[in-house]
Structures are given as structure tokens and as C-alpha cells.
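S.K.: Got a file for you: data_39.cif, mmCIF, C-alpha atoms.
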```
data_final
#
loop_
_atom_site.group_PDB
_atom_site.id
_atom_site.type_symbol
_atom_site.label_atom_id
_atom_site.label_comp_id
_atom_site.auth_asym_id
_atom_site.auth_seq_id
_atom_site.Cartn_x
_atom_site.Cartn_y
_atom_site.Cartn_z
ATOM 1 C CA MET A 9 23.111 -1.220 -24.057
ATOM 2 C CA ALA A 10 19.597 -2.318 -23.044
ATOM 3 C CA GLN A 11 17.716 0.272 -21.007
ATOM 4 C CA VAL A 12 15.036 0.075 -18.343
ATOM 5 C CA ASP A 13 12.052 2.321 -19.030
ATOM 6 C CA GLY A 14 10.572 3.064 -15.614
ATOM 7 C CA SER A 15 7.169 3.828 -17.077
ATOM 8 C CA ALA A 16 6.867 0.191 -18.221
ATOM 9 C CA PHE A 17 6.383 -0.898 -14.619
ATOM 10 C CA PHE A 18 3.102 1.029 -14.492
ATOM 11 C CA LYS A 19 1.748 -1.400 -17.112
ATOM 12 C CA ILE A 20 2.006 -4.355 -14.708
ATOM 13 C CA GLY A 21 -1.393 -5.142 -13.234
ATOM 14 C CA TYR A 22 -1.748 -4.709 -9.464
ATOM 15 C CA GLY A 23 -4.557 -5.014 -6.974
ATOM 16 C CA LEU A 24 -4.839 -2.720 -3.963
ATOM 17 C CA TYR A 25 -5.056 -3.929 -0.383
ATOM 18 C CA VAL A 26 -5.132 -2.805 3.237
ATOM 19 C CA VAL A 27 -2.658 -4.855 5.291
ATOM 20 C CA THR A 28 -3.663 -4.861 8.967
ATOM 21 C CA THR A 29 -1.474 -5.771 11.934
ATOM 22 C CA HIS A 30 -1.337 -5.366 15.703
ATOM 23 C CA ASP A 31 1.887 -4.283 17.400
ATOM 24 C CA GLY A 32 0.860 -5.395 20.882
ATOM 25 C CA ARG A 33 -0.599 -1.991 21.761
ATOM 26 C CA ARG A 34 -2.881 -1.031 18.893
ATOM 27 C CA ASP A 35 -4.123 -1.931 15.434
ATOM 28 C CA ASN A 36 -2.394 -0.602 12.352
ATOM 29 C CA GLY A 37 -3.061 -0.614 8.616
ATOM 30 C CA MET A 38 -1.236 0.274 5.398
ATOM 31 C CA ILE A 39 -1.984 0.396 1.672
ATOM 32 C CA CYS A 40 -0.161 -2.279 -0.323
ATOM 33 C CA ASN A 41 -0.184 -3.239 -4.005
ATOM 34 C CA THR A 42 2.277 -6.151 -3.879
ATOM 35 C CA VAL A 43 0.206 -9.172 -2.838
ATOM 36 C CA VAL A 44 0.156 -12.373 -4.895
ATOM 37 C CA GLN A 45 -0.995 -15.949 -4.432
ATOM 38 C CA VAL A 46 2.010 -18.233 -4.928
ATOM 39 C CA THR A 47 0.597 -21.733 -4.278
ATOM 40 C CA GLY A 48 -2.866 -23.242 -4.167
ATOM 41 C CA SER A 49 -2.434 -26.337 -2.031
ATOM 42 C CA PRO A 50 -1.473 -25.489 0.589
ATOM 43 C CA ALA A 51 -2.686 -21.945 -0.001
ATOM 44 C CA ARG A 52 0.166 -19.436 0.268
ATOM 45 C CA VAL A 53 0.342 -15.708 -0.403
ATOM 46 C CA ALA A 54 3.441 -13.507 -0.758
ATOM 47 C CA VAL A 55 3.281 -9.916 0.527
ATOM 48 C CA THR A 56 6.134 -7.500 -0.194
ATOM 49 C CA ILE A 57 6.502 -4.470 2.091
ATOM 50 C CA SER A 58 9.011 -1.617 2.152
ATOM 51 C CA LYS A 59 11.388 -1.766 5.108
ATOM 52 C CA SER A 60 10.603 1.895 5.744
ATOM 53 C CA ASN A 61 7.014 0.983 6.650
ATOM 54 C CA TYR A 62 6.134 0.376 10.286
ATOM 55 C CA THR A 63 4.056 -2.607 9.139
ATOM 56 C CA HIS A 64 7.220 -4.346 7.925
ATOM 57 C CA ASP A 65 8.733 -4.264 11.399
ATOM 58 C CA THR A 66 5.490 -5.347 13.037
ATOM 59 C CA VAL A 67 5.056 -8.378 10.767
ATOM 60 C CA ARG A 68 8.701 -9.353 11.255
ATOM 61 C CA ARG A 69 8.097 -9.363 14.996
ATOM 62 C CA THR A 70 4.627 -10.918 15.181
ATOM 63 C CA GLY A 71 4.623 -13.199 12.128
ATOM 64 C CA ARG A 72 1.014 -12.458 11.204
ATOM 65 C CA MET A 73 -1.138 -10.041 9.229
ATOM 66 C CA ASN A 74 -4.468 -9.685 7.471
ATOM 67 C CA VAL A 75 -4.792 -8.651 3.836
ATOM 68 C CA CYS A 76 -8.072 -6.911 2.975
ATOM 69 C CA THR A 77 -8.842 -6.590 -0.752
ATOM 70 C CA ILE A 78 -10.056 -3.062 -1.580
ATOM 71 C CA ALA A 79 -13.267 -2.827 -3.611
ATOM 72 C CA GLU A 80 -13.960 -0.308 -6.388
ATOM 73 C CA THR A 81 -16.588 1.257 -4.118
ATOM 74 C CA ALA A 82 -13.857 2.596 -1.780
ATOM 75 C CA ALA A 83 -13.233 6.351 -1.852
ATOM 76 C CA PHE A 84 -10.049 8.416 -1.644
ATOM 77 C CA PRO A 85 -10.235 9.002 2.164
ATOM 78 C CA LEU A 86 -9.422 5.295 2.640
ATOM 79 C CA PHE A 87 -6.069 5.856 0.922
ATOM 80 C CA GLU A 88 -5.441 9.041 2.879
ATOM 81 C CA LEU A 89 -6.071 7.192 6.135
ATOM 82 C CA TYR A 90 -3.875 4.145 5.529
ATOM 83 C CA GLY A 91 -1.409 5.387 2.936
ATOM 84 C CA PHE A 92 -0.283 8.924 3.740
ATOM 85 C CA ARG A 93 1.006 8.649 7.319
ATOM 86 C CA SER A 94 2.940 6.178 9.414
ATOM 87 C CA GLY A 95 1.634 3.916 12.152
ATOM 88 C CA ARG A 96 4.713 4.920 14.128
ATOM 89 C CA ASP A 97 3.167 8.361 14.609
ATOM 90 C CA ALA A 98 -0.585 7.857 14.295
ATOM 91 C CA ASP A 99 -3.318 5.508 15.467
ATOM 92 C CA LYS A 100 -4.772 4.892 12.026
ATOM 93 C CA LEU A 101 -7.685 2.757 13.169
ATOM 94 C CA ALA A 102 -8.828 5.055 15.987
ATOM 95 C CA GLY A 103 -12.575 5.465 15.538
ATOM 96 C CA VAL A 104 -12.698 3.139 12.513
ATOM 97 C CA GLU A 105 -15.434 0.502 12.536
ATOM 98 C CA VAL A 106 -13.819 -2.897 11.983
ATOM 99 C CA THR A 107 -14.650 -6.557 12.374
ATOM 100 C CA ARG A 108 -12.213 -9.208 13.613
ATOM 101 C CA SER A 109 -10.941 -12.377 12.013
ATOM 102 C CA GLU A 110 -10.220 -15.523 14.038
ATOM 103 C CA ASN A 111 -6.631 -14.357 14.627
ATOM 104 C CA GLY A 112 -7.935 -11.210 16.333
ATOM 105 C CA LEU A 113 -6.665 -8.772 13.688
ATOM 106 C CA ALA A 114 -8.783 -6.018 12.158
ATOM 107 C CA VAL A 115 -10.780 -6.501 8.954
ATOM 108 C CA ILE A 116 -11.734 -3.357 7.000
ATOM 109 C CA ALA A 117 -15.108 -4.743 5.954
ATOM 110 C CA ASN A 118 -16.834 -1.573 4.704
ATOM 111 C CA ASP A 119 -14.397 -0.834 1.874
ATOM 112 C CA CYS A 120 -13.119 -4.332 1.042
ATOM 113 C CA ASN A 121 -14.609 -7.326 -0.741
ATOM 114 C CA SER A 122 -12.543 -10.092 0.904
ATOM 115 C CA PHE A 123 -9.874 -10.722 3.499
ATOM 116 C CA PHE A 124 -7.099 -13.232 4.121
ATOM 117 C CA SER A 125 -5.506 -14.027 7.486
ATOM 118 C CA LEU A 126 -1.849 -14.925 7.049
ATOM 119 C CA GLU A 127 0.912 -16.539 9.103
ATOM 120 C CA VAL A 128 4.482 -15.950 7.928
ATOM 121 C CA GLU A 129 6.364 -19.096 6.893
ATOM 122 C CA SER A 130 9.477 -17.506 5.412
ATOM 123 C CA TYR A 131 11.056 -14.136 4.706
ATOM 124 C CA VAL A 132 13.078 -12.964 1.697
ATOM 125 C CA ASP A 133 15.316 -9.913 2.085
ATOM 126 C CA LEU A 134 14.995 -7.751 -1.046
ATOM 127 C CA ASP A 135 17.298 -4.883 -0.031
ATOM 128 C CA THR A 136 14.802 -2.005 0.326
ATOM 129 C CA HIS A 137 11.850 -4.381 0.829
ATOM 130 C CA GLY A 138 11.040 -7.643 2.540
ATOM 131 C CA MET A 139 8.856 -10.380 1.055
ATOM 132 C CA PHE A 140 6.766 -12.413 3.482
ATOM 133 C CA VAL A 141 5.702 -15.832 2.198
ATOM 134 C CA CYS A 142 2.649 -16.752 4.243
ATOM 135 C CA ARG A 143 0.237 -19.604 4.867
ATOM 136 C CA VAL A 144 -3.444 -18.682 4.556
ATOM 137 C CA ILE A 145 -5.253 -19.642 7.766
ATOM 138 C CA GLU A 146 -8.588 -17.955 7.026
ATOM 139 C CA ALA A 147 -10.197 -16.345 3.967
ATOM 140 C CA LYS A 148 -13.639 -14.932 3.364
ATOM 141 C CA THR A 149 -15.541 -13.087 0.621
ATOM 142 C CA LEU A 150 -17.281 -9.976 1.983
ATOM 143 C CA SER A 151 -19.059 -8.632 -1.099
ATOM 144 C CA ASP A 152 -19.435 -9.045 -4.861
ATOM 145 C CA ALA A 153 -18.053 -5.558 -5.600
ATOM 146 C CA PRO A 154 -15.182 -5.649 -8.152
ATOM 147 C CA THR A 155 -11.651 -5.472 -6.802
ATOM 148 C CA MET A 156 -9.945 -2.109 -7.233
ATOM 149 C CA THR A 157 -6.809 -2.204 -9.369
ATOM 150 C CA TYR A 158 -3.911 0.219 -9.305
ATOM 151 C CA ALA A 159 -4.974 1.458 -12.754
ATOM 152 C CA TYR A 160 -8.583 2.000 -11.615
ATOM 153 C CA TYR A 161 -7.352 3.960 -8.598
ATOM 154 C CA HIS A 162 -5.293 6.320 -10.759
ATOM 155 C CA ALA A 163 -8.049 6.783 -13.339
ATOM 156 C CA ASN A 164 -11.083 7.105 -11.068
ATOM 157 C CA VAL A 165 -10.199 7.639 -7.402
ATOM 158 C CA LYS A 166 -7.002 9.640 -6.958
ATOM 159 C CA PRO A 167 -7.602 13.403 -7.287
ATOM 160 C CA LYS A 168 -5.973 14.973 -10.330
ATOM 161 C CA PRO A 169 -3.286 17.582 -9.526
ATOM 162 C CA LYS A 170 -4.238 21.173 -10.303
ATOM 163 C CA PRO A 171 -1.304 23.205 -11.655
ATOM 164 C CA ALA A 172 -0.867 26.576 -9.997
ATOM 165 C CA ALA A 173 -0.840 29.658 -12.180
ATOM 166 C CA GLY A 174 2.617 30.672 -13.347
ATOM 167 C CA ARG A 175 4.353 27.402 -12.487
ATOM 168 C CA LYS A 176 7.396 26.859 -14.706
ATOM 169 C CA LYS A 177 7.975 23.210 -13.996
ATOM 170 C CA GLY A 178 7.076 20.529 -11.501
ATOM 171 C CA PHE A 179 6.879 16.839 -10.767
ATOM 172 C CA VAL A 180 3.905 14.813 -9.536
ATOM 173 C CA CYS A 181 3.992 11.759 -7.290
ATOM 174 C CA GLU A 182 2.437 8.802 -9.116
ATOM 175 C CA ILE A 183 1.351 7.314 -5.795
ATOM 176 C CA CYS A 184 -0.511 10.111 -4.011
ATOM 177 C CA GLY A 185 -0.596 13.088 -6.406
ATOM 178 C CA TYR A 186 1.677 15.413 -4.390
ATOM 179 C CA VAL A 187 3.226 18.090 -6.627
ATOM 180 C CA TYR A 188 6.836 19.207 -6.226
ATOM 181 C CA GLU A 189 7.388 22.631 -7.795
ATOM 182 C CA GLY A 190 10.808 23.264 -9.318
ATOM 183 C CA GLU A 191 12.999 22.897 -12.368
ATOM 184 C CA GLU A 192 14.658 19.705 -11.125
ATOM 185 C CA LEU A 193 13.619 17.015 -8.666
ATOM 186 C CA PRO A 194 16.469 16.073 -6.290
ATOM 187 C CA PRO A 195 17.365 12.386 -6.782
ATOM 188 C CA ASP A 196 17.132 11.756 -3.028
ATOM 189 C CA PHE A 197 13.749 13.491 -2.698
ATOM 190 C CA VAL A 198 11.110 11.654 -0.640
ATOM 191 C CA CYS A 199 7.421 12.520 -0.982
ATOM 192 C CA PRO A 200 6.333 14.287 2.229
ATOM 193 C CA ILE A 201 2.858 12.742 1.953
ATOM 194 C CA CYS A 202 3.293 9.050 1.064
ATOM 195 C CA LYS A 203 7.076 8.711 1.625
ATOM 196 C CA HIS A 204 7.797 7.299 -1.839
ATOM 197 C CA PRO A 205 11.128 8.124 -3.557
ATOM 198 C CA ALA A 206 11.922 10.358 -6.518
ATOM 199 C CA SER A 207 11.628 7.381 -8.870
ATOM 200 C CA ASP A 208 7.852 7.449 -8.317
ATOM 201 C CA PHE A 209 7.552 11.036 -9.637
ATOM 202 C CA ARG A 210 6.927 12.080 -13.244
ATOM 203 C CA PRO A 211 7.158 15.516 -14.886
ATOM 204 C CA LEU A 212 3.982 17.548 -14.492
ATOM 205 C CA GLU A 213 2.216 18.020 -17.805
#
```
Would you write the structure of this file as C-alpha cells?
M.R.:
Amino acid sequence: MAQVDGSAFFKIGYGLYVVTTHDGRRDNGMICNTVVQVTGSPARVAVTISKSNYTHDTVRRTGRMNVCTIAETAAFPLFELYGFRSGRDADKLAGVEVTRSENGLAVIANDCNSFFSLEVESYVDLDTHGMFVCRVIEAKTLSDAPTMTYAYYHANVKPKPKPAAGRKKGFVCEICGYVYEGEELPPDFVCPICKHPASDFRPLE
């Protein structure tokens, strides 16, 4: 029987983005790696977001978002700020210097090389995730810095885990680098830092 090697998915090329929204009370932002242009004329972009993310619910309700393309010049604190906690519990953009697009949403200009303002045209339910197919209403290049890829992030930005002395076995989160210490990783385990499931962990070398 044909098998699915989970590690093969890490060979697919991804960009990295900050998706910004406004829930009616405050700005919010999240790290996303599932953004793709789907048509050129008219310009449309598809953004896939986990249903467990607060951003998913906000976009479902408001029908709009900005996608800011992260540049290679961005540092790890950007990912800590937007990727390791939920907008349900924290004001992620408190004290952050932002600009505004025509739709009024935040643009993370300092760490990104472009942004796209999107209006949702349709929604596809993908069980654990939702895919928003959106019309581009504004787009702008902010700098000539190269776009950060998922592979670049793992190789150059994300801190490498440091094994503790005497550890017998452990598993590391491929997303944020959190290390679970133990002989076996529970199949229903959820990373306490980035909230990704056990399928995003690999044995610690």
C-alpha cells in the first residue's frame, strides 16, 4: 500500500507572511505560510488558516485582511510576537509601529517587503482549516529585500534547540523549536508555544 511520508511536505516551498485583521476592537496579526496567488486578472489570492486561530474567526466575520510578506531581514522576535500566542488573549500589536492601508488595516512595514489588502469572495471548508479566496484591492512593494521562505526561516532565523544533559529522548516542534522531553510523544499533544499538533514534531537528534 502506498504510504505518505510526512517529511516530504517540508520540501514544498512556502513563503512566510503576517496576516493582519481588526476584530472591531483592536488590531491582530498572525504568522501564515499558506498564501498563494490563484488568478492574475482579476487578481485573486487564496489564504488558508487553521480554524483554531482567532484570525480565522475574525476574517469569517469581517471578510477582509491584509497579507504582509516577511523579508529575510526580519528577526526571530517577529515570529514570537505574531506566532506564539493567540489574539484571543493578547493585544499583539500594542506598542508596534504600523502603517495603514486604504482599508484601515495594519501593515507591518518594518519587517515586510510588500503587502496585499484582500476582500473575501468565497470560503472553502477544509475540515481543520478554512481557505479564503480573496480579491486584491490594494498591493504595494515596500522594499527590495528578498522574501523569507519557510526553509530560510528554519535554517537562519529559528533558534536551534539545545539538548539538556542526560536527556534520554525527546521531540522538537518543527514550527517553533519547543522541545518535548519523553520517550513517546502523545498523539493528541499540542505544542504549548505555537499550538501546532503532534504531527509537526520530529524526534530530537
S.K.: Just the residues within 9 Å of A:Lys100, please, counting only C-alpha atoms, with nothing from its chain fewer than 6 positions along; format it as a list in words.
M.R.: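 The residues satisfying every condition are Asp35, Asn36, Gly37, Met38, Leu89, Tyr90, Arg93 and Ser94 of chain A.
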S.K.: Could those residues be written to a file, using C-alpha atoms, as a PDB file, keeping the file's coordinate frame?
M.R.:
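Output file part12.pdb is given in full below:
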```pdb
ATOM      1  CA  ASP A  35      -4.123  -1.931  15.434  1.00  0.00           C
ATOM      2  CA  ASN A  36      -2.394  -0.602  12.352  1.00  0.00           C
ATOM      3  CA  GLY A  37      -3.061  -0.614   8.616  1.00  0.00           C
ATOM      4  CA  MET A  38      -1.236   0.274   5.398  1.00  0.00           C
ATOM      5  CA  LEU A  89      -6.071   7.192   6.135  1.00  0.00           C
ATOM      6  CA  TYR A  90      -3.875   4.145   5.529  1.00  0.00           C
ATOM      7  CA  ARG A  93       1.006   8.649   7.319  1.00  0.00           C
ATOM      8  CA  SER A  94       2.940   6.178   9.414  1.00  0.00           C
TER       9      SER A  94
END
```
S.K.: Report as a short mmCIF file (atom, residue, chain, number, x, y, z; two decimals) with C-alpha atoms, keeping the file's coordinate frame the residues that result from applying the PyMOL selection byres ((chain A and resi 95) around 12) to the structure here.
M.R.:
```
data_model
loop_
_atom_site.label_atom_id
_atom_site.label_comp_id
_atom_site.auth_asym_id
_atom_site.auth_seq_id
_atom_site.Cartn_x
_atom_site.Cartn_y
_atom_site.Cartn_z
CA VAL A 27 -2.66 -4.86 5.29
CA THR A 28 -3.66 -4.86 8.97
CA THR A 29 -1.47 -5.77 11.93
CA HIS A 30 -1.34 -5.37 15.70
CA ASP A 31 1.89 -4.28 17.40
CA ARG A 33 -0.60 -1.99 21.76
CA ARG A 34 -2.88 -1.03 18.89
CA ASP A 35 -4.12 -1.93 15.43
CA ASN A 36 -2.39 -0.60 12.35
CA GLY A 37 -3.06 -0.61 8.62
CA MET A 38 -1.24 0.27 5.40
CA ILE A 39 -1.98 0.40 1.67
CA SER A 60 10.60 1.90 5.74
CA ASN A 61 7.01 0.98 6.65
CA TYR A 62 6.13 0.38 10.29
CA THR A 63 4.06 -2.61 9.14
CA HIS A 64 7.22 -4.35 7.92
CA ASP A 65 8.73 -4.26 11.40
CA THR A 66 5.49 -5.35 13.04
CA LEU A 89 -6.07 7.19 6.14
CA TYR A 90 -3.88 4.14 5.53
CA GLY A 91 -1.41 5.39 2.94
CA PHE A 92 -0.28 8.92 3.74
CA ARG A 93 1.01 8.65 7.32
CA SER A 94 2.94 6.18 9.41
CA ARG A 96 4.71 4.92 14.13
CA ASP A 97 3.17 8.36 14.61
CA ALA A 98 -0.58 7.86 14.30
CA ASP A 99 -3.32 5.51 15.47
CA LYS A 100 -4.77 4.89 12.03
CA LEU A 101 -7.68 2.76 13.17
CA ALA A 102 -8.83 5.06 15.99
#
```
S.K.: Using Å and a single decimal, report how far atom CA of A:Ala153 sits from atom CA of A:Cys202.
M.R.: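 Going from atom CA of A:Cys202 over to atom CA of A:Ala153, I get 26.7 Å.
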S.K.: Mind working out the centre and edge lengths of an axis-aligned box for stretch 120-139 of chain A, all listed atoms inside, 8 Å added to each side, rounded to one decimal in Å and written as JSON?
M.R.:
```
{"center_x": 1.3, "center_y": -10.6, "center_z": 4.0, "size_x": 47.9, "size_y": 33.1, "size_z": 26.1}
```
S.K.: When you draw a straight line from atom CA of A:Glu129 to atom CA of A:Ile78, how long is it in Å?
M.R.: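 These atoms are spaced 24.5 Å apart.
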S.K.: For atom CA of A:Phe179 and atom CA of A:Lys203, quote the distance in Å rounded to one decimal.
M.R.: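 Atom-to-atom, atom CA of A:Phe179 to atom CA of A:Lys203, that is 14.8 Å.
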S.K.: Which residues fall under the PyMOL selection byres ((chain A and resi 54) around 7) in this file, as a list in words?
M.R.: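 Answer for the PyMOL selection byres ((chain A and resi 54) around 7): Val43, Val44, Gln45, Val46, Arg52, Val53, Val55, Thr56, Met139, Phe140, Val141 and Cys142 of chain A.
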S.K.: Expand the PyMOL selection byres ((chain A and resi 157) around 9) into the individual residues it matches in the shown file, reporting them as a list in words.
M.R.: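 Applied to this file, the PyMOL selection byres ((chain A and resi 157) around 9) returns Gly21, Tyr22, Gly23, Leu24, Asn41, Ile78, Ala79, Glu80, Thr155, Met156, Tyr158, Ala159, Tyr160, Tyr161 and His162 of chain A.
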S.K.: Nearest residue to A:Gly138 out of A:Glu189, A:Ser207, A:Leu126, A:Lys59, using only C-alpha atoms?
M.R.: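 With only C-alpha atoms as the atom set, the closest residue is A:Lys59.
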S.K.: Using all atoms listed in the file, which residue out of A:Lys177, A:Lys166, A:Arg72, A:His204 lies closest to A:Pro85?
M.R.: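 Between A:Lys177, A:Lys166, A:Arg72, A:His204, the residue approaching A:Pro85 most closely is A:Lys166.
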S.K.: Fewer than 6 positions away in the same chain doesn't count, so skip those; otherwise give me all residues within 8 Å of A:Ile145, counting only C-alpha atoms, as a PyMOL selection string.
M.R.: chain A and resi 124-127
S.K.: With distances taken over only C-alpha atoms, which residue among A:Ser49, A:Asn74, A:Asn164, A:Thr136 lies nearest A:Ala114?
M.R.: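 Ranking A:Ser49, A:Asn74, A:Asn164, A:Thr136 by distance to A:Ala114, first place goes to A:Asn74.
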S.K.: Choose the residue, out of A:Arg108, A:Gln11, A:Val132, A:Val144, that has the smallest atom-to-atom separation from A:Gly48; count all atoms listed in the file.
M.R.: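 Closest residue, counting all atoms listed in the file: A:Val144.
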S.K.: Using only C-alpha atoms, which residue out of A:Ser130, A:Ser109, A:Thr149, A:Thr47 lies closest to A:Thr77?
M.R.: A:Thr149
S.K.: Which residue, A:Pro200, A:Ile183, A:Pro195, A:Pro205, has the smallest gap to A:Phe18 when you use only C-alpha atoms?
M.R.: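 Smallest separation from A:Phe18 among the options: A:Ile183.
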